[in-house]
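Visitor: Got a structure for you, written out below as structure tokens; questions coming shortly.
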Number of protein chains: 2
Amino acid sequence: MAALRSTIDTTPAQGPCCAPAAYPMVDDATAQQLAKVFKALGDPNRIKLFSLITASASGEMCVCDLTEPVGLSQPTVSHHMKLLVEAGLVTREQRGKWAYYQPTTGTLVDAARAFTA
Amino acid sequence: MAALRSTIDTTPAQGPCCAPAAYPMVDDATAQQLAKVFKALGDPNRIKLFSLITASASGEMCVCDLTEPVGLSQPTVSHHMKLLVEAGLVTREQRGKWAYYQPTTGTLVDAARAFTA
């Protein structure tokens, strides 16, 4: 399929006049980065985990306190948290036995604001 | 989408002891709905399509003008657009031969604001 895609000519068609069509579209790198943020939240369990962390009164949550509310095993929660960390939505800090997660202020809202609507 | 905030269940879980843990977590239905919005944007091509539509000076775009900038076939673009419509991020209007898409103001920003971070 990759070979097929490479044969597609994506060069903008030149019209009869001088002005090339303007496409106010995000570039590839930006599209990849934004998709990563949104994809990380494209799962109900990760939505729940992120909502717990962002609403935490102490500004962080221990992985040991995340498993019970979502009803998932700790390895599963850790997997979900890894995706949220990689997307830049939370940061992770290991303290002794446990990992603690803090929300990254603004990542999600900034991603949403990348669009003009 | 303001209603989303009111669906956050702040009822403390009753544990075996006296001090219940408070879990301000979004409920199942809200988590499903939010995940649907974010998942729809969890793909670089849909990010590009959505950015084209939200940046359109006329407030809408014909599917016939979406294929060339993203370099995808019309059936593929239509598939991506269906997911954006189902997530409530755009609306679709059939006019004659072509479908036209308009951005739904606020859906994405409201979803991002469902979290307190």
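Ligands are numbered from 1 in the order shown, residues from 1 within each chain, and chains are lettered A, B, ... in the order they appear in the structure tokens.
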Determine which residues of chain A sit within 8 Å of chain B, taking into account only C-alpha atoms, and present them as JSON, numbers by chain.
Guide: {"A": [8, 9, 10, 12, 23, 24, 25, 26, 27, 28, 31, 32, 34, 35, 36, 37, 38, 39, 40, 41, 42, 43, 44, 45, 47, 48, 49, 50, 51, 52, 54, 55, 56, 69, 103, 104, 105, 106, 108, 109, 112, 113, 115, 116, 117]}
Visitor: Could you please take those selected residues and save N, CA and C atoms as a tab-separated table (two decimals), in the first residue's frame?
Guide:
chain	number	residue	atom	x	y	z
A	8	ILE	N	0.86	8.39	-6.00
A	8	ILE	CA	-0.16	9.43	-6.11
A	8	ILE	C	0.51	10.79	-6.21
A	9	ASP	N	0.14	11.53	-7.19
A	9	ASP	CA	0.74	12.85	-7.38
A	9	ASP	C	-0.01	13.85	-6.52
A	10	THR	N	0.67	14.34	-5.48
A	10	THR	CA	0.01	15.28	-4.58
A	10	THR	C	0.40	16.72	-4.88
A	12	PRO	N	-0.02	20.23	-6.09
A	12	PRO	CA	-1.25	20.97	-6.40
A	12	PRO	C	-1.37	21.23	-7.91
A	23	TYR	N	-3.98	26.12	0.54
A	23	TYR	CA	-4.64	25.19	1.45
A	23	TYR	C	-4.13	25.43	2.86
A	24	PRO	N	-4.89	26.12	3.68
A	24	PRO	CA	-4.44	26.41	5.04
A	24	PRO	C	-4.56	25.15	5.90
A	25	MET	N	-3.69	24.21	5.61
A	25	MET	CA	-3.77	22.90	6.25
A	25	MET	C	-2.54	22.71	7.14
A	26	VAL	N	-2.71	22.05	8.28
A	26	VAL	CA	-1.55	21.77	9.13
A	26	VAL	C	-0.58	20.87	8.36
A	27	ASP	N	0.71	21.03	8.64
A	27	ASP	CA	1.70	20.21	7.94
A	27	ASP	C	1.76	18.80	8.53
A	28	ASP	N	2.55	17.94	7.88
A	28	ASP	CA	2.60	16.53	8.30
A	28	ASP	C	3.03	16.37	9.75
A	31	ALA	N	0.34	17.50	12.11
A	31	ALA	CA	-0.79	16.55	12.08
A	31	ALA	C	-0.46	15.30	12.89
A	32	GLN	N	0.77	14.81	12.76
A	32	GLN	CA	1.20	13.63	13.52
A	32	GLN	C	1.16	13.91	15.02
A	34	LEU	N	-0.51	16.32	16.71
A	34	LEU	CA	-1.87	16.53	17.20
A	34	LEU	C	-2.63	15.21	17.29
A	35	ALA	N	-2.45	14.36	16.28
A	35	ALA	CA	-3.14	13.07	16.27
A	35	ALA	C	-2.71	12.22	17.47
A	36	LYS	N	-1.46	12.34	17.84
A	36	LYS	CA	-0.94	11.57	18.98
A	36	LYS	C	-1.63	11.99	20.28
A	37	VAL	N	-1.80	13.29	20.45
A	37	VAL	CA	-2.48	13.80	21.65
A	37	VAL	C	-3.92	13.31	21.69
A	38	PHE	N	-4.63	13.48	20.58
A	38	PHE	CA	-6.04	13.11	20.56
A	38	PHE	C	-6.24	11.60	20.63
A	39	LYS	N	-5.36	10.85	19.97
A	39	LYS	CA	-5.48	9.39	20.00
A	39	LYS	C	-5.29	8.86	21.42
A	40	ALA	N	-4.42	9.52	22.16
A	40	ALA	CA	-4.19	9.08	23.55
A	40	ALA	C	-5.47	9.19	24.37
A	41	LEU	N	-6.33	10.13	24.00
A	41	LEU	CA	-7.59	10.30	24.72
A	41	LEU	C	-8.76	9.63	24.00
A	42	GLY	N	-8.46	8.88	22.97
A	42	GLY	CA	-9.51	8.22	22.20
A	42	GLY	C	-9.92	6.87	22.78
A	43	ASP	N	-9.92	6.79	24.08
A	43	ASP	CA	-10.24	5.54	24.77
A	43	ASP	C	-10.91	5.89	26.10
A	44	PRO	N	-12.08	5.30	26.37
A	44	PRO	CA	-12.84	5.66	27.57
A	44	PRO	C	-12.05	5.48	28.88
A	45	ASN	N	-11.24	4.44	28.96
A	45	ASN	CA	-10.47	4.24	30.20
A	45	ASN	C	-9.40	5.31	30.38
A	47	ILE	N	-9.68	8.30	29.20
A	47	ILE	CA	-10.44	9.50	29.57
A	47	ILE	C	-10.66	9.53	31.08
A	48	LYS	N	-11.06	8.39	31.63
A	48	LYS	CA	-11.31	8.31	33.08
A	48	LYS	C	-10.02	8.56	33.87
A	49	LEU	N	-8.94	7.92	33.45
A	49	LEU	CA	-7.67	8.10	34.16
A	49	LEU	C	-7.23	9.56	34.10
A	50	PHE	N	-7.35	10.17	32.94
A	50	PHE	CA	-6.94	11.57	32.79
A	50	PHE	C	-7.83	12.48	33.63
A	51	SER	N	-9.12	12.16	33.69
A	51	SER	CA	-10.03	13.00	34.49
A	51	SER	C	-9.71	12.89	35.97
A	52	LEU	N	-9.32	11.71	36.41
A	52	LEU	CA	-8.92	11.54	37.81
A	52	LEU	C	-7.71	12.40	38.15
A	54	THR	N	-6.42	15.04	36.44
A	54	THR	CA	-6.62	16.50	36.31
A	54	THR	C	-7.47	17.05	37.44
A	55	ALA	N	-8.31	16.21	38.03
A	55	ALA	CA	-9.19	16.68	39.11
A	55	ALA	C	-8.60	16.45	40.49
A	56	SER	N	-7.44	15.86	40.54
A	56	SER	CA	-6.83	15.56	41.84
A	56	SER	C	-6.51	16.84	42.63
A	69	PRO	N	-10.61	2.97	40.96
A	69	PRO	CA	-11.73	3.70	40.32
A	69	PRO	C	-12.06	3.21	38.92
A	103	PRO	N	-0.77	16.19	35.77
A	103	PRO	CA	-1.28	16.65	34.46
A	103	PRO	C	-0.38	17.74	33.89
A	104	THR	N	-0.22	17.74	32.58
A	104	THR	CA	0.55	18.78	31.90
A	104	THR	C	-0.42	19.89	31.49
A	105	THR	N	-0.30	21.00	32.15
A	105	THR	CA	-1.25	22.09	31.92
A	105	THR	C	-1.21	22.56	30.47
A	106	GLY	N	-2.36	22.59	29.87
A	106	GLY	CA	-2.46	23.25	28.58
A	106	GLY	C	-2.28	22.38	27.34
A	108	LEU	N	-3.76	19.73	26.18
A	108	LEU	CA	-4.99	19.40	25.47
A	108	LEU	C	-5.69	20.64	24.92
A	109	VAL	N	-5.79	21.68	25.74
A	109	VAL	CA	-6.46	22.89	25.29
A	109	VAL	C	-5.70	23.51	24.12
A	112	ALA	N	-6.49	21.63	21.02
A	112	ALA	CA	-7.83	21.97	20.53
A	112	ALA	C	-7.82	23.32	19.83
A	113	ARG	N	-6.98	24.23	20.33
A	113	ARG	CA	-6.92	25.58	19.77
A	113	ARG	C	-6.12	25.64	18.48
A	115	PHE	N	-7.01	24.47	15.91
A	115	PHE	CA	-8.02	24.65	14.87
A	115	PHE	C	-8.75	25.96	15.13
A	116	THR	N	-9.20	26.57	14.06
A	116	THR	CA	-9.80	27.89	14.22
A	116	THR	C	-11.26	27.81	14.64
A	117	ALA	N	-11.86	26.62	14.55
A	117	ALA	CA	-13.29	26.50	14.91
A	117	ALA	C	-13.45	26.37	16.42
Visitor: Near Cys62 (chain A), within 7 Å and counting only C-alpha atoms, which residues show up once chain neighbours fewer than 5 positions away are dropped, as a PyMOL selection string?
Guide: chain A and resi 98-101
Visitor: Taking N, CA and C atoms for each residue, export the selection above as a short mmCIF file (atom, residue, chain, number, x, y, z; two decimals), in the first residue's frame.
Guide:
data_model
loop_
_atom_site.label_atom_id
_atom_site.label_comp_id
_atom_site.auth_asym_id
_atom_site.auth_seq_id
_atom_site.Cartn_x
_atom_site.Cartn_y
_atom_site.Cartn_z
N TRP A 98 6.30 3.51 43.89
CA TRP A 98 5.17 3.91 43.06
C TRP A 98 5.49 5.01 42.05
N ALA A 99 4.74 5.00 40.97
CA ALA A 99 4.80 6.09 39.99
C ALA A 99 3.69 7.08 40.30
N TYR A 100 4.02 8.36 40.19
CA TYR A 100 3.04 9.43 40.41
C TYR A 100 2.88 10.21 39.10
N TYR A 101 1.65 10.59 38.83
CA TYR A 101 1.37 11.29 37.56
C TYR A 101 0.79 12.68 37.82
#
